[in-house]
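Peer 1: I have a structure here, written as structure tokens, and I will follow up with some questions on it.
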Amino acid sequence: MAVTAVKLIEIVGPDAEDRLIGAACTLDAAEMAARLREWAALRDRSTGIRSITGGVTVGLDAAQSIGEVADLVVRESECCPFYTFLLRVDGRTRELEVTAGAGRETAVHALLGIS
């Protein structure tokens, strides 16, 4: 079966090689705490998490609303543009790849609350 890939967010530009330098979240403390709870909830509903260069791939249950995942991704990219998100859907198999660049896995782990 063919894999359908939809690239939701990709940061491209002259500073794309070092997107975390000077990056700052635009959320206030309360908004940040609420957002991190949303990511933790997605992590907790996942079917598994696999490490990749620069981040992780989160397995999503077939019942997980893709619209809700896309909404979370869009909101996150607005405040923290150094993340890249790639959503893959192949029949009932769904995965969300979250990266921050090679060697920056820590930023992704912090977002998802992974130690």
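Ordering of the structure tokens sets the chain letters (A, B, ...), residue numbers begin anew at 1 in every chain, and ligands are numbered from 1 in the order given.
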Name the residues in contact with stretch 28-45 of chain A at a cut-off of 8 Å, using only C-alpha atoms, excluding same-chain residues fewer than 4 positions from it; report them as a list in words.

Peer 2: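 Listed by chain and then number, they are Ile49, Val58, Leu60, Asp61, Leu72, Leu111, Leu112 and Gly113 of chain A.
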
Peer 1: Please produce a file of the residues just selected, as a JSON list (two decimals), in the first residue's frame, where the atoms kept are C-alpha atoms.

Peer 2:
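part15.json, freshly written:
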[["chain", "number", "residue", "atom", "x", "y", "z"],
["A", 49, "ILE", "CA", 7.35, 6.73, 20.22],
["A", 58, "VAL", "CA", 4.83, 9.45, 17.44],
["A", 60, "LEU", "CA", -1.10, 7.67, 16.39],
["A", 61, "ASP", "CA", -4.12, 5.45, 16.95],
["A", 72, "LEU", "CA", -2.04, 21.38, 17.65],
["A", 111, "LEU", "CA", 7.87, 19.42, 24.09],
["A", 112, "LEU", "CA", 6.49, 15.90, 24.53],
["A", 113, "GLY", "CA", 7.64, 15.47, 28.12]]

Peer 1: Skip A:Tyr83 itself and residues of its chain fewer than 2 positions away, then list as a list in words all residues within 6 Å of it, counting only C-alpha atoms.

Peer 2: Pro81, Thr99 and Ala100 of chain A

Peer 1: According to DSSP computed on the backbone, where in stretch 22-95 of chain A is there alpha helix (DSSP H)? Give the residues as a PyMOL selection string.

Peer 2: chain A and resi 29-45+66-79

Peer 1: Dump N, CA and C atoms for the selected residues as a compact mmCIF listing (two decimals), in the first residue's frame?

Peer 2:
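The new file selection_35.txt reads:
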# COMPACT_ATOMS: atom_id res chain seq x y z
N ALA A 29 3.46 32.00 30.54
CA ALA A 29 3.65 30.81 31.38
C ALA A 29 2.41 29.93 31.44
N ALA A 30 1.24 30.52 31.60
CA ALA A 30 0.00 29.74 31.69
C ALA A 30 -0.31 29.06 30.36
N GLU A 31 -0.12 29.80 29.26
CA GLU A 31 -0.37 29.22 27.94
C GLU A 31 0.60 28.09 27.65
N MET A 32 1.86 28.28 28.04
CA MET A 32 2.87 27.25 27.82
C MET A 32 2.53 25.98 28.60
N ALA A 33 2.12 26.12 29.84
CA ALA A 33 1.76 24.96 30.65
C ALA A 33 0.58 24.21 30.01
N ALA A 34 -0.41 24.95 29.55
CA ALA A 34 -1.58 24.32 28.91
C ALA A 34 -1.16 23.60 27.63
N ARG A 35 -0.29 24.22 26.84
CA ARG A 35 0.16 23.61 25.59
C ARG A 35 0.95 22.34 25.85
N LEU A 36 1.83 22.38 26.84
CA LEU A 36 2.62 21.19 27.18
C LEU A 36 1.71 20.06 27.65
N ARG A 37 0.61 20.39 28.32
CA ARG A 37 -0.37 19.36 28.71
C ARG A 37 -1.01 18.74 27.47
N GLU A 38 -1.27 19.54 26.45
CA GLU A 38 -1.83 19.01 25.20
C GLU A 38 -0.86 18.03 24.54
N TRP A 39 0.41 18.39 24.49
CA TRP A 39 1.41 17.49 23.91
C TRP A 39 1.57 16.23 24.74
N ALA A 40 1.54 16.35 26.06
CA ALA A 40 1.64 15.18 26.94
C ALA A 40 0.43 14.26 26.73
N ALA A 41 -0.74 14.83 26.55
CA ALA A 41 -1.94 14.02 26.31
C ALA A 41 -1.82 13.27 24.99
N LEU A 42 -1.30 13.93 23.95
CA LEU A 42 -1.09 13.25 22.66
C LEU A 42 -0.08 12.13 22.83
N ARG A 43 1.00 12.41 23.56
CA ARG A 43 2.02 11.39 23.84
C ARG A 43 1.39 10.20 24.56
N ASP A 44 0.55 10.48 25.56
CA ASP A 44 -0.06 9.41 26.35
C ASP A 44 -1.05 8.57 25.53
N ARG A 45 -1.65 9.16 24.51
CA ARG A 45 -2.58 8.43 23.63
C ARG A 45 -1.87 7.72 22.49
N ILE A 66 -7.19 13.41 13.09
CA ILE A 66 -6.11 14.06 12.37
C ILE A 66 -6.29 15.58 12.43
N GLY A 67 -7.53 16.04 12.42
CA GLY A 67 -7.80 17.47 12.52
C GLY A 67 -7.30 18.05 13.82
N GLU A 68 -7.49 17.33 14.93
CA GLU A 68 -6.99 17.80 16.22
C GLU A 68 -5.47 17.85 16.25
N VAL A 69 -4.84 16.83 15.66
CA VAL A 69 -3.37 16.80 15.60
C VAL A 69 -2.88 17.97 14.75
N ALA A 70 -3.49 18.19 13.61
CA ALA A 70 -3.09 19.30 12.73
C ALA A 70 -3.27 20.64 13.43
N ASP A 71 -4.36 20.80 14.17
CA ASP A 71 -4.59 22.05 14.89
C ASP A 71 -3.48 22.29 15.92
N LEU A 72 -3.11 21.26 16.66
CA LEU A 72 -2.04 21.38 17.65
C LEU A 72 -0.72 21.74 16.97
N VAL A 73 -0.43 21.09 15.86
CA VAL A 73 0.80 21.34 15.11
C VAL A 73 0.85 22.79 14.61
N VAL A 74 -0.24 23.27 14.06
CA VAL A 74 -0.28 24.64 13.55
C VAL A 74 -0.06 25.64 14.69
N ARG A 75 -0.74 25.43 15.80
CA ARG A 75 -0.59 26.35 16.93
C ARG A 75 0.84 26.32 17.47
N GLU A 76 1.45 25.14 17.52
CA GLU A 76 2.82 25.04 18.02
C GLU A 76 3.80 25.73 17.07
N SER A 77 3.59 25.59 15.78
CA SER A 77 4.51 26.20 14.82
C SER A 77 4.44 27.72 14.85
N GLU A 78 3.32 28.27 15.33
CA GLU A 78 3.18 29.72 15.43
C GLU A 78 4.03 30.29 16.56
N CYS A 79 4.20 29.55 17.64
CA CYS A 79 4.97 30.08 18.77
C CYS A 79 6.40 29.56 18.80

Peer 1: Between A:Ile114, A:Gln64, A:Thr106, A:Val56, which has the minimum distance to A:Thr84 (counting only C-alpha atoms)?

Peer 2: A:Val56

Peer 1: Go ahead and compute the interatomic distance for atom CA of A:Leu96 and atom CA of A:Gly59, in Å to one decimal.

Peer 2: 6.6 Å
